[in-house]
$ cat query.cif   # mmCIF, C-alpha atoms and all ligand atoms
data_model
#
loop_
_atom_site.label_atom_id
_atom_site.label_comp_id
_atom_site.auth_asym_id
_atom_site.auth_seq_id
_atom_site.Cartn_x
_atom_site.Cartn_y
_atom_site.Cartn_z
CA MET A 208 16.33 -15.76 -4.76
CA LEU A 209 15.98 -12.49 -2.79
CA ALA A 210 12.46 -12.13 -1.37
CA ILE A 211 10.37 -10.18 1.14
CA VAL A 212 7.92 -12.22 3.22
CA LEU A 213 4.36 -10.95 2.77
CA SER A 214 2.23 -13.46 4.68
CA ARG A 215 1.92 -17.02 5.93
CA ARG A 216 -1.13 -19.21 6.22
CA ASP A 217 -1.63 -22.69 7.62
CA PHE A 218 -1.82 -25.59 5.25
CA ARG A 219 -2.24 -29.12 6.52
CA GLU A 220 -0.99 -30.11 9.94
CA PHE A 221 2.64 -29.01 9.87
CA ASP A 222 2.87 -26.96 6.68
CA GLN A 223 2.26 -23.38 5.68
CA ILE A 224 1.93 -21.47 2.46
CA VAL A 225 4.27 -18.51 2.47
CA SER A 226 3.60 -15.59 0.19
CA VAL A 227 6.76 -13.70 -0.78
CA TYR A 228 7.62 -10.88 -3.16
CA THR A 229 10.80 -11.83 -5.00
CA TYR A 230 13.20 -9.54 -6.81
CA GLU A 231 13.41 -11.78 -9.87
CA ALA A 232 9.94 -13.25 -10.26
CA GLY A 233 7.41 -11.01 -8.49
CA LYS A 234 4.97 -12.48 -5.99
CA ARG A 235 5.21 -16.24 -5.39
CA GLU A 236 3.28 -18.58 -3.13
CA LEU A 237 5.49 -21.32 -1.76
CA LEU A 238 4.81 -24.40 0.30
CA ALA A 239 6.97 -24.50 3.43
CA ARG A 240 6.84 -28.08 4.66
CA GLY A 241 7.16 -28.85 8.35
CA ILE A 242 7.36 -25.17 9.22
CA LYS A 243 4.95 -25.55 12.16
CA LYS A 244 7.10 -28.16 13.87
CA ILE A 245 9.03 -26.67 16.78
CA THR A 246 12.23 -28.02 15.32
CA SER A 247 11.75 -26.07 12.07
CA LYS A 248 14.77 -23.89 11.51
CA HIS A 249 12.95 -21.89 8.87
CA ALA A 250 10.04 -20.59 10.92
CA ALA A 251 11.92 -17.74 12.62
CA HIS A 252 13.30 -16.41 9.34
CA LEU A 253 9.93 -16.31 7.63
CA GLU A 254 8.30 -13.56 9.68
CA PRO A 255 6.28 -11.05 7.63
CA PHE A 256 8.35 -8.15 6.17
CA SER A 257 11.68 -9.99 6.64
CA VAL A 258 14.04 -9.93 3.68
CA VAL A 259 15.29 -13.46 3.00
CA ASP A 260 17.18 -15.45 0.43
CA VAL A 261 15.10 -18.48 -0.56
CA SER A 262 15.60 -21.46 -2.80
CA VAL A 263 12.64 -23.03 -4.49
CA VAL A 264 11.99 -26.29 -6.31
CA PRO A 265 9.02 -26.73 -8.64
CA GLY A 266 6.16 -28.78 -7.18
CA LYS A 267 3.13 -30.40 -8.75
CA GLU A 268 0.54 -27.85 -7.67
CA ILE A 269 2.64 -25.38 -5.77
CA ASP A 270 6.39 -24.72 -5.68
CA HIS A 271 8.28 -25.82 -2.60
CA LEU A 272 10.51 -23.69 -0.44
CA THR A 273 13.65 -25.62 0.38
CA THR A 274 16.06 -23.27 2.15
CA VAL A 275 15.81 -19.84 3.76
CA GLN A 276 18.70 -17.56 4.67
CA PRO A 277 17.94 -14.40 6.67
CA VAL A 278 19.07 -11.14 5.02
CA GLU A 279 17.35 -8.40 7.03
CA TYR A 280 15.01 -8.88 9.99
CA PHE A 281 14.37 -5.15 10.77
CA PRO A 282 14.64 -5.29 14.58
CA ALA A 283 14.13 -1.50 14.75
CA ILE A 284 10.68 -1.98 13.19
CA ARG A 285 9.76 -4.99 15.32
CA GLY A 286 10.68 -3.15 18.52
CA ASP A 287 8.38 -0.20 17.75
CA PHE A 288 4.62 -0.71 18.02
CA LYS A 289 3.57 1.82 15.35
CA LYS A 290 6.33 0.92 12.88
CA SER A 291 5.57 -2.76 13.16
CA PHE A 292 1.81 -2.17 12.76
CA LEU A 293 2.43 -0.13 9.58
CA ALA A 294 4.91 -2.67 8.16
CA MET A 295 2.54 -5.58 8.83
CA ALA A 296 -0.30 -3.62 7.22
CA MET A 297 1.79 -2.76 4.12
CA VAL A 298 2.96 -6.33 3.42
CA MET A 299 -0.63 -7.54 3.89
CA ILE A 300 -1.91 -4.91 1.47
CA THR A 301 0.83 -5.77 -1.04
CA ASP A 302 -0.25 -9.40 -0.78
CA ARG A 303 -3.90 -8.45 -1.41
CA LEU A 304 -3.30 -6.04 -4.30
CA VAL A 305 -0.58 -7.85 -6.24
CA GLY A 306 -1.09 -10.98 -8.36
CA THR A 307 1.43 -13.84 -8.58
CA HIS A 308 4.11 -14.28 -11.26
CA VAL A 309 4.24 -10.68 -12.51
CA PRO A 310 7.88 -9.63 -12.03
CA ASP A 311 8.38 -5.98 -11.12
CA LYS A 312 11.79 -5.12 -9.72
CA GLY A 313 10.56 -1.58 -9.11
CA LEU A 314 7.86 -2.89 -6.77
CA PHE A 315 10.42 -5.00 -4.90
CA ARG A 316 12.68 -1.94 -4.58
CA ALA A 317 9.76 0.23 -3.41
CA LEU A 318 8.90 -2.21 -0.61
CA LYS A 319 12.51 -2.79 0.42
CA THR A 320 13.46 0.90 0.49
CA TRP A 321 10.20 1.67 2.30
CA LEU A 322 11.02 -0.87 5.04
CA GLU A 323 14.54 0.55 5.31
CA ALA A 324 13.15 4.10 5.62
CA VAL A 325 10.67 3.02 8.32
CA SER A 326 13.45 1.18 10.12
CA GLN A 327 15.78 4.20 10.09
CA ALA A 328 13.18 6.90 10.86
CA PRO A 329 13.18 8.17 14.46
CA ALA A 330 9.37 7.77 14.32
CA ALA A 331 7.17 6.60 11.46
CA ALA A 332 4.42 8.93 10.23
CA GLY A 333 1.16 7.39 9.00
CA ALA A 334 1.66 9.28 5.72
CA LEU A 335 4.55 6.91 4.93
CA ALA A 336 2.03 4.09 4.59
CA ASP A 337 -0.30 6.27 2.47
CA ALA A 338 2.64 7.05 0.17
CA TYR A 339 3.58 3.39 -0.12
CA VAL A 340 0.00 2.41 -1.07
CA MET A 341 -0.12 5.12 -3.77
CA VAL A 342 3.27 4.05 -5.18
CA ILE A 343 2.17 0.39 -5.34
CA LEU A 344 -1.10 1.30 -7.06
CA GLU A 345 0.89 3.37 -9.55
CA ARG A 346 3.20 0.41 -10.24
CA LEU A 347 0.10 -1.69 -10.91
CA GLY A 348 -0.94 0.84 -13.56
CA LEU A 349 -3.59 2.44 -11.36
CA ALA A 350 -2.14 5.91 -10.82
CA PRO A 351 -4.88 8.49 -10.31
CA VAL A 352 -5.35 11.21 -12.92
CA LEU A 353 -4.48 14.43 -11.11
CA GLU A 354 -4.00 16.84 -14.05
CA GLY A 355 -7.69 17.25 -14.79
CA CYS A 356 -11.13 15.61 -14.66
CA VAL A 357 -10.76 11.87 -15.25
CA CYS A 358 -14.13 11.79 -17.12
CA CYS A 359 -14.30 14.86 -19.35
CA GLY A 360 -10.65 15.96 -19.37
CA LYS A 361 -11.38 19.45 -18.08
CA THR A 362 -8.05 20.79 -16.78
CA PHE A 363 -7.20 21.19 -13.15
CA SER A 364 -7.06 24.98 -13.50
CA GLY A 365 -10.41 24.93 -15.37
CA ILE A 366 -12.02 23.06 -12.48
CA GLY A 367 -10.33 25.44 -10.05
CA ARG A 368 -11.82 28.47 -11.86
CA GLU A 369 -15.30 26.91 -11.72
CA ALA A 370 -14.81 26.16 -8.06
CA LEU A 371 -14.66 29.93 -7.45
CA LYS A 372 -18.12 30.53 -8.99
CA PRO A 373 -21.16 30.35 -6.69
CA GLY A 374 -22.72 26.89 -6.78
CA GLU A 375 -26.08 25.87 -8.13
CA ASP A 376 -27.45 22.46 -7.21
CA THR A 377 -24.13 21.06 -6.12
CA ALA A 378 -21.37 22.52 -4.05
CA PRO A 379 -18.68 23.68 -6.46
CA GLY A 380 -15.26 22.25 -5.91
CA ILE A 381 -12.78 19.58 -6.75
CA TYR A 382 -13.64 15.96 -6.21
CA PHE A 383 -11.70 12.75 -6.09
CA GLY A 384 -13.06 9.32 -6.91
CA GLY A 385 -12.03 6.10 -8.60
CA GLY A 386 -9.53 6.97 -11.30
CA GLY A 387 -8.72 10.48 -10.15
CA LEU A 388 -10.07 14.04 -10.13
CA ALA A 389 -13.65 14.77 -11.04
CA CYS A 390 -15.22 18.11 -11.92
CA PRO A 391 -18.58 19.02 -10.30
CA ASP A 392 -20.55 17.93 -13.42
CA CYS A 393 -18.84 14.55 -13.68
CA ARG A 394 -19.15 14.11 -9.94
CA ARG A 395 -22.95 14.19 -10.40
CA LEU A 396 -22.71 11.45 -13.06
CA LYS A 397 -20.40 9.36 -10.87
CA LEU A 398 -22.70 9.67 -7.86
CA ALA A 399 -25.67 8.67 -10.01
CA ALA A 400 -23.72 5.58 -11.06
CA GLY A 401 -23.23 4.70 -7.39
CA GLU A 402 -19.55 5.59 -7.23
CA GLN A 403 -18.03 7.08 -4.14
CA VAL A 404 -16.71 10.58 -4.80
CA MET A 405 -15.09 12.65 -2.11
CA ALA A 406 -14.57 16.40 -1.88
CA ALA A 407 -10.88 17.27 -2.04
CA GLY A 408 -9.10 20.57 -1.66
CA LEU A 409 -6.32 21.87 -3.90
CA LYS A 410 -3.91 21.13 -1.07
CA GLU A 411 -4.94 17.45 -0.82
CA ILE A 412 -4.57 17.02 -4.57
CA SER A 413 -1.04 18.42 -4.52
CA LEU A 414 -0.23 16.21 -1.50
CA LEU A 415 -1.40 13.13 -3.45
CA GLY A 416 1.17 14.13 -6.07
CA LEU A 417 3.80 14.35 -3.34
CA LEU A 418 2.95 10.84 -2.06
CA LEU A 419 3.35 9.45 -5.59
CA LYS A 420 6.94 10.68 -5.74
CA GLY A 421 7.81 7.90 -3.27
CA ASP A 422 10.46 9.96 -1.48
CA TRP A 423 10.03 8.23 1.88
CA ARG A 424 12.31 10.54 3.87
CA LEU A 425 10.66 13.69 2.50
CA ILE A 426 7.20 12.33 3.33
CA ASN A 427 8.17 11.23 6.82
CA ASN A 428 9.51 14.70 7.58
CA TYR A 429 6.65 16.61 5.93
CA GLU A 430 4.84 18.91 8.33
CA PHE A 431 1.12 18.59 7.69
CA GLY A 432 -1.34 21.30 8.70
CA SER A 433 -4.15 20.58 11.13
CA GLY A 434 -6.31 17.65 9.91
CA GLU A 435 -4.43 17.54 6.57
CA ALA A 436 -2.82 14.13 7.08
CA GLU A 437 -6.19 12.62 8.10
CA ARG A 438 -8.02 14.03 5.05
CA LEU A 439 -5.23 12.81 2.79
CA HIS A 440 -5.38 9.34 4.36
CA ASP A 441 -9.16 9.17 3.80
CA LEU A 442 -8.62 9.88 0.08
CA VAL A 443 -5.85 7.28 -0.24
CA TYR A 444 -7.80 4.61 1.63
CA ALA A 445 -10.95 5.21 -0.47
CA PHE A 446 -8.83 5.09 -3.64
CA ALA A 447 -7.17 1.80 -2.61
CA LEU A 448 -10.54 0.24 -1.71
CA TYR A 449 -11.93 1.26 -5.11
CA HIS A 450 -9.12 -0.63 -6.86
CA SER A 451 -9.01 -3.67 -4.60
CA GLU A 452 -11.02 -6.76 -5.33
CA ARG A 453 -10.47 -7.92 -1.77
CA LYS A 454 -11.22 -6.27 1.55
CA LEU A 455 -8.47 -4.01 2.87
CA GLY A 456 -7.98 -3.18 6.52
CA ASP A 457 -7.69 0.53 7.30
CA TRP A 458 -4.03 1.09 8.16
CA GLY A 459 -4.96 4.55 9.49
CA ASN A 460 -6.69 2.97 12.49
CA LEU A 461 -3.73 2.23 14.66
CA PRO A 462 -4.97 0.12 17.56
CA LEU A 463 -4.35 1.60 20.99
CA GLU A 464 -1.14 0.61 22.64
CA PRO A 465 -1.82 -2.51 24.73
CA LYS A 466 -1.84 -1.80 28.47
CA PHE A 467 0.15 -4.01 30.79
ZN ZN B 501 -15.57 16.34 -15.79
#
$ encode --input "query.cif" --output "structure tokens"
Amino acid sequence: MLAIVLSRRDFREFDQIVSVYTYEAGKRELLARGIKKITSKHAAHLEPFSVVDVSVVPGKEIDHLTTVQPVEYFPAIRGDFKKSFLAMAMVMITDRLVGTHVPDKGLFRALKTWLEAVSQAPAAAGALADAYVMVILERLGLAPVLEGCVCCGKTFSGIGREALKPGEDTAPGIYFGGGGLACPDCRRLKLAAGEQVMAAGLKEISLLGLLLKGDWRLINNYEFGSGEAERLHDLVYAFALYHSERKLGDWGNLPLEPKF
């Protein structure tokens, strides 16, 4: 069964539970027995974001991993600090956002082609990770509404026209919160309900649409204006947090290169 390793966690003295995203059966958690012994031949193949071919036998409480064959180890990612940070962050986020036993070949393909694009890119842009997160959320049925206000349905151009009028008690503009765009009126309601709503420009909204296309090469080569990539990342991160039941690390905070 073709699978991408998402994470590993210790379980008992010599065992680990390996979380993988499989092509056929979606996310699976598998018990890898004896993997922590130095003699384990499987340990090296089961590094996060490796593509592997696994065989599995049903267990009483959890299925057991019996064999692992390496398919793709992505040395070009592992040898590059930023690429490997982004890849680790994306498999971790996939693990957090996705439930087990929901097959989605499209999600498998998105992760695999994303890793291939990161591997082949001369340098990986942070926006690649933002795009991946948006594509995954879309696959989980959580795509943001970008055509108009998510609450009242006012069209994008309608909100844009209002944004040109002088403001009253709230700054006029376009806002982005859980679910998608919000007009100034609905933003007030959302804020009153304790929701986080961020100001977004027309440019950021169209860039969100670009991220959702999932064209990794196009996104990696996109030339952002000053501060644009950072503002876009803030929107994507806030959107992912809104939809995640578990804490998500901020993949935009690349740790400084370790000094030797
Ligand atoms: Zn509205």
$ closest_residue --input "query.cif" --among "A:Tyr230, A:Phe363, A:Tyr280, A:Phe218" --to "ligand ZN 501 (chain B)" --atoms "only C-alpha atoms and all ligand atoms"
A:Phe363
$ closest_atom_pairs --input "query.cif" --of "chain A" --to "ligand ZN 501 (chain B)" --cutoff "7 Å" --atoms "all atoms listed in the file" --output "tab-separated table"
residue	atom	partner	partner_atom	distance
A:Cys356	CA	B:ZN501	ZN	4.6
A:Val357	CA	B:ZN501	ZN	6.6
A:Cys358	CA	B:ZN501	ZN	5.0
A:Cys359	CA	B:ZN501	ZN	4.1
A:Gly360	CA	B:ZN501	ZN	6.1
A:Lys361	CA	B:ZN501	ZN	5.7
A:Ala389	CA	B:ZN501	ZN	5.4
A:Cys390	CA	B:ZN501	ZN	4.3
A:Pro391	CA	B:ZN501	ZN	6.8
A:Asp392	CA	B:ZN501	ZN	5.7
A:Cys393	CA	B:ZN501	ZN	4.3
$ write_last_selection --input "query.cif" --atoms "C-alpha atoms" --output "mmCIF file, keeping the file's coordinate frame"
data_model
loop_
_atom_site.group_PDB
_atom_site.id
_atom_site.type_symbol
_atom_site.label_atom_id
_atom_site.label_comp_id
_atom_site.auth_asym_id
_atom_site.auth_seq_id
_atom_site.Cartn_x
_atom_site.Cartn_y
_atom_site.Cartn_z
ATOM 1 C CA CYS A 356 -11.130 15.610 -14.660
ATOM 2 C CA VAL A 357 -10.760 11.870 -15.250
ATOM 3 C CA CYS A 358 -14.130 11.790 -17.120
ATOM 4 C CA CYS A 359 -14.300 14.860 -19.350
ATOM 5 C CA GLY A 360 -10.650 15.960 -19.370
ATOM 6 C CA LYS A 361 -11.380 19.450 -18.080
ATOM 7 C CA ALA A 389 -13.650 14.770 -11.040
ATOM 8 C CA CYS A 390 -15.220 18.110 -11.920
ATOM 9 C CA PRO A 391 -18.580 19.020 -10.300
ATOM 10 C CA ASP A 392 -20.550 17.930 -13.420
ATOM 11 C CA CYS A 393 -18.840 14.550 -13.680
#
$ closest_residue --input "query.cif" --among "A:Gly348, A:Gly386, A:Pro255, A:Pro310" --to "Arg285 of chain A" --atoms "all atoms listed in the file"
A:Pro255
$ atom_distance --input "query.cif" --atom1 "atom CA of Val298 of chain A" --atom2 "atom CA of Phe221 of chain A"
23.6 Å
$ atom_distance --input "query.cif" --atom1 "atom CA of Gln403 of chain A" --atom2 "atom CA of Tyr339 of chain A"
22.3 Å
$ residues_around --input "query.cif" --residues "Phe292 of chain A" --least-positions-apart "2" --cutoff "12 Å" --atoms "all atoms listed in the file" --output "tab-separated table (two decimals) with C-alpha atoms, in the frame of the given file"
chain	number	residue	atom	x	y	z
A	255	PRO	CA	6.28	-11.05	7.63
A	256	PHE	CA	8.35	-8.15	6.17
A	284	ILE	CA	10.68	-1.98	13.19
A	285	ARG	CA	9.76	-4.99	15.32
A	286	GLY	CA	10.68	-3.15	18.52
A	287	ASP	CA	8.38	-0.20	17.75
A	288	PHE	CA	4.62	-0.71	18.02
A	289	LYS	CA	3.57	1.82	15.35
A	290	LYS	CA	6.33	0.92	12.88
A	294	ALA	CA	4.91	-2.67	8.16
A	295	MET	CA	2.54	-5.58	8.83
A	296	ALA	CA	-0.30	-3.62	7.22
A	297	MET	CA	1.79	-2.76	4.12
A	298	VAL	CA	2.96	-6.33	3.42
A	299	MET	CA	-0.63	-7.54	3.89
A	325	VAL	CA	10.67	3.02	8.32
A	331	ALA	CA	7.17	6.60	11.46
A	332	ALA	CA	4.42	8.93	10.23
A	333	GLY	CA	1.16	7.39	9.00
A	336	ALA	CA	2.03	4.09	4.59
A	456	GLY	CA	-7.98	-3.18	6.52
A	457	ASP	CA	-7.69	0.53	7.30
A	458	TRP	CA	-4.03	1.09	8.16
A	459	GLY	CA	-4.96	4.55	9.49
A	460	ASN	CA	-6.69	2.97	12.49
A	461	LEU	CA	-3.73	2.23	14.66
A	462	PRO	CA	-4.97	0.12	17.56
A	463	LEU	CA	-4.35	1.60	20.99
A	464	GLU	CA	-1.14	0.61	22.64
$ closest_residue --input "query.cif" --among "A:Glu345, A:Leu439, A:His252, A:Leu238" --to "Val264 of chain A" --atoms "all atoms listed in the file"
A:Leu238
